[in-house]
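Trainee: Here's a structure for you.
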Amino acid sequence: MEQLEGFVVQGEEEKVYLLKKALYGLKQAPRAWYSRIDTHFLDLGFTKNLSEFTLYLRKVNDELLMVSLYVDDLLVTKSNMKQIDVFKREKEDVFEMNDMGKMTFFLGMEVKQKENEIFICQQKYAKEILKKFNMEKCRPT
């Protein structure tokens, strides 16, 4: 960062301004992030779902790759792991990302995955609500 023209103080040319708010805290940051990742997905051949704008679909060789975007989290699903690995490499070329493995929690829901089955529950959320209202020891009736 450099001092702006007209604001340079004699003898303090090496000093710069201290930002009171980080750039990622700006109001337009989420919009800029969404615009950037949306453009990237469209460049990779994804189409945006018309009824859910955070769901992206890409069809390759009659197989469908689905990506759900929630802020900066991606939920990726496909029947073919090879296509998921290709997608991960495409993303790593542009964005810093971590593979968190199989989904265990998403939007307050606990997800347990086994061979040919997925179990979803909100037990953790229900316990947090009970704790919030001091009802952990209430009778379940």
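Chain labels follow the order of the structure tokens: the first chain is A, the next B, and so on; residue numbering restarts at 1 in every chain, and ligands are counted from 1 in their shown order.
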Could you list, as a list in words, every residue within 8 Å of Ile120 of chain A, counting only C-alpha atoms and ignoring same-chain residues fewer than 3 positions away?
Mentor: Met109, Glu110, Val111 and Lys112 of chain A
Trainee: Would you mind telling me which residue in A:Met81, A:Cys121, A:Leu74, A:Val86 lies nearest to Asp99 of chain A when using only C-alpha atoms?
Mentor: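 The answer is A:Leu74, which sits nearest to Asp99 of chain A.
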Trainee: Based on the backbone DSSP call, show me all residues of segment 7-121 of chain A assigned alpha helix (DSSP H), as a PDB file with C-alpha atoms, in the first residue's frame.
Mentor:
ATOM      1  CA  ALA A  29     -17.140  -9.227  -0.125  1.00  0.00           C
ATOM      2  CA  PRO A  30     -19.789 -12.017  -0.177  1.00  0.00           C
ATOM      3  CA  ARG A  31     -21.149 -10.737  -3.491  1.00  0.00           C
ATOM      4  CA  ALA A  32     -17.641 -10.572  -4.965  1.00  0.00           C
ATOM      5  CA  TRP A  33     -16.875 -14.111  -3.735  1.00  0.00           C
ATOM      6  CA  TYR A  34     -20.123 -15.509  -5.128  1.00  0.00           C
ATOM      7  CA  SER A  35     -19.556 -13.759  -8.458  1.00  0.00           C
ATOM      8  CA  ARG A  36     -16.039 -15.188  -8.706  1.00  0.00           C
ATOM      9  CA  ILE A  37     -16.982 -18.786  -7.899  1.00  0.00           C
ATOM     10  CA  ASP A  38     -20.144 -18.586 -10.034  1.00  0.00           C
ATOM     11  CA  THR A  39     -18.068 -17.478 -13.041  1.00  0.00           C
ATOM     12  CA  HIS A  40     -15.569 -20.274 -12.397  1.00  0.00           C
ATOM     13  CA  PHE A  41     -18.304 -22.938 -12.248  1.00  0.00           C
ATOM     14  CA  LEU A  42     -19.874 -21.676 -15.463  1.00  0.00           C
ATOM     15  CA  ASP A  43     -16.433 -21.689 -17.152  1.00  0.00           C
ATOM     16  CA  MET A  81     -15.466 -40.861  -7.702  1.00  0.00           C
ATOM     17  CA  LYS A  82     -13.227 -40.262 -10.724  1.00  0.00           C
ATOM     18  CA  GLN A  83     -15.345 -37.243 -11.758  1.00  0.00           C
ATOM     19  CA  ILE A  84     -15.168 -35.867  -8.208  1.00  0.00           C
ATOM     20  CA  ASP A  85     -11.367 -36.167  -8.265  1.00  0.00           C
ATOM     21  CA  VAL A  86     -11.261 -34.296 -11.603  1.00  0.00           C
ATOM     22  CA  PHE A  87     -13.469 -31.565 -10.124  1.00  0.00           C
ATOM     23  CA  LYS A  88     -11.202 -31.253  -7.062  1.00  0.00           C
ATOM     24  CA  ARG A  89      -8.153 -30.748  -9.278  1.00  0.00           C
ATOM     25  CA  GLU A  90     -10.023 -28.116 -11.312  1.00  0.00           C
ATOM     26  CA  LYS A  91     -10.859 -26.236  -8.098  1.00  0.00           C
ATOM     27  CA  GLU A  92      -7.380 -26.537  -6.573  1.00  0.00           C
TER      28      GLU A  92
END
Trainee: For segment 50-60 of chain A, list every protein, DNA or RNA residue within 8 Å, evaluated using only C-alpha atoms, and leave out those in the same chain fewer than 5 positions away; present the list as a PyMOL selection string.
Mentor: chain A and resi 41+45+65-70
Trainee: Near Ala126 of chain A, counting only C-alpha atoms, which residues have an atom at most 12 Å away, once you skip same-chain residues fewer than 3 positions from it, shown as a ChimeraX atom specification?
Mentor: /A:108-110,121-123,129-133,135-136,140
Trainee: Put those residues in a file: N, CA and C atoms, as an mmCIF file, in the first residue's frame.
Mentor:
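Result went into selection_28.cif, see below:
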data_model
loop_
_atom_site.group_PDB
_atom_site.id
_atom_site.type_symbol
_atom_site.label_atom_id
_atom_site.label_comp_id
_atom_site.auth_asym_id
_atom_site.auth_seq_id
_atom_site.Cartn_x
_atom_site.Cartn_y
_atom_site.Cartn_z
ATOM 1 N N GLY A 108 -26.393 -27.683 10.133
ATOM 2 C CA GLY A 108 -27.014 -28.108 11.378
ATOM 3 C C GLY A 108 -27.538 -29.530 11.379
ATOM 4 N N MET A 109 -27.370 -30.238 10.285
ATOM 5 C CA MET A 109 -27.840 -31.622 10.221
ATOM 6 C C MET A 109 -26.655 -32.573 10.342
ATOM 7 N N GLU A 110 -26.838 -33.617 11.125
ATOM 8 C CA GLU A 110 -25.824 -34.659 11.245
ATOM 9 C C GLU A 110 -26.092 -35.694 10.159
ATOM 10 N N CYS A 121 -30.038 -36.653 10.723
ATOM 11 C CA CYS A 121 -30.791 -36.298 11.926
ATOM 12 C C CYS A 121 -30.353 -34.928 12.428
ATOM 13 N N GLN A 122 -31.140 -34.356 13.327
ATOM 14 C CA GLN A 122 -30.828 -33.052 13.910
ATOM 15 C C GLN A 122 -30.734 -33.154 15.426
ATOM 16 N N GLN A 123 -30.199 -34.269 15.908
ATOM 17 C CA GLN A 123 -30.085 -34.504 17.344
ATOM 18 C C GLN A 123 -29.252 -33.411 18.017
ATOM 19 N N ILE A 129 -30.969 -26.516 21.392
ATOM 20 C CA ILE A 129 -32.189 -25.758 21.691
ATOM 21 C C ILE A 129 -32.632 -26.033 23.129
ATOM 22 N N LEU A 130 -32.615 -27.306 23.537
ATOM 23 C CA LEU A 130 -32.986 -27.638 24.911
ATOM 24 C C LEU A 130 -32.056 -26.958 25.912
ATOM 25 N N LYS A 131 -30.767 -26.956 25.611
ATOM 26 C CA LYS A 131 -29.790 -26.319 26.507
ATOM 27 C C LYS A 131 -30.027 -24.809 26.565
ATOM 28 N N LYS A 132 -30.315 -24.193 25.435
ATOM 29 C CA LYS A 132 -30.543 -22.743 25.372
ATOM 30 C C LYS A 132 -31.678 -22.317 26.290
ATOM 31 N N PHE A 133 -32.717 -23.149 26.383
ATOM 32 C CA PHE A 133 -33.876 -22.814 27.203
ATOM 33 C C PHE A 133 -33.889 -23.558 28.540
ATOM 34 N N MET A 135 -33.704 -26.700 29.345
ATOM 35 C CA MET A 135 -34.657 -27.812 29.365
ATOM 36 C C MET A 135 -33.988 -29.161 29.105
ATOM 37 N N GLU A 136 -32.657 -29.251 29.374
ATOM 38 C CA GLU A 136 -31.954 -30.512 29.099
ATOM 39 C C GLU A 136 -32.516 -31.684 29.893
ATOM 40 N N PRO A 140 -39.274 -36.119 28.109
ATOM 41 C CA PRO A 140 -39.477 -36.076 26.666
ATOM 42 C C PRO A 140 -40.924 -36.097 26.210
#
Trainee: Which residue out of A:Asn98, A:Thr141, A:Asn80, A:Thr104 has the minimum interatomic distance to Glu63 of chain A when only C-alpha atoms are used?
Mentor: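 Among the listed residues, A:Asn80 lies closest to Glu63 of chain A.
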Trainee: Kindly indicate which residue among A:Leu107, A:Lys127, A:Lys114, A:Leu44 lies nearest to Val71 of chain A, using only C-alpha atoms for the distances.
Mentor: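 When distances to Val71 of chain A are compared using only C-alpha atoms, the smallest one comes from A:Leu107.
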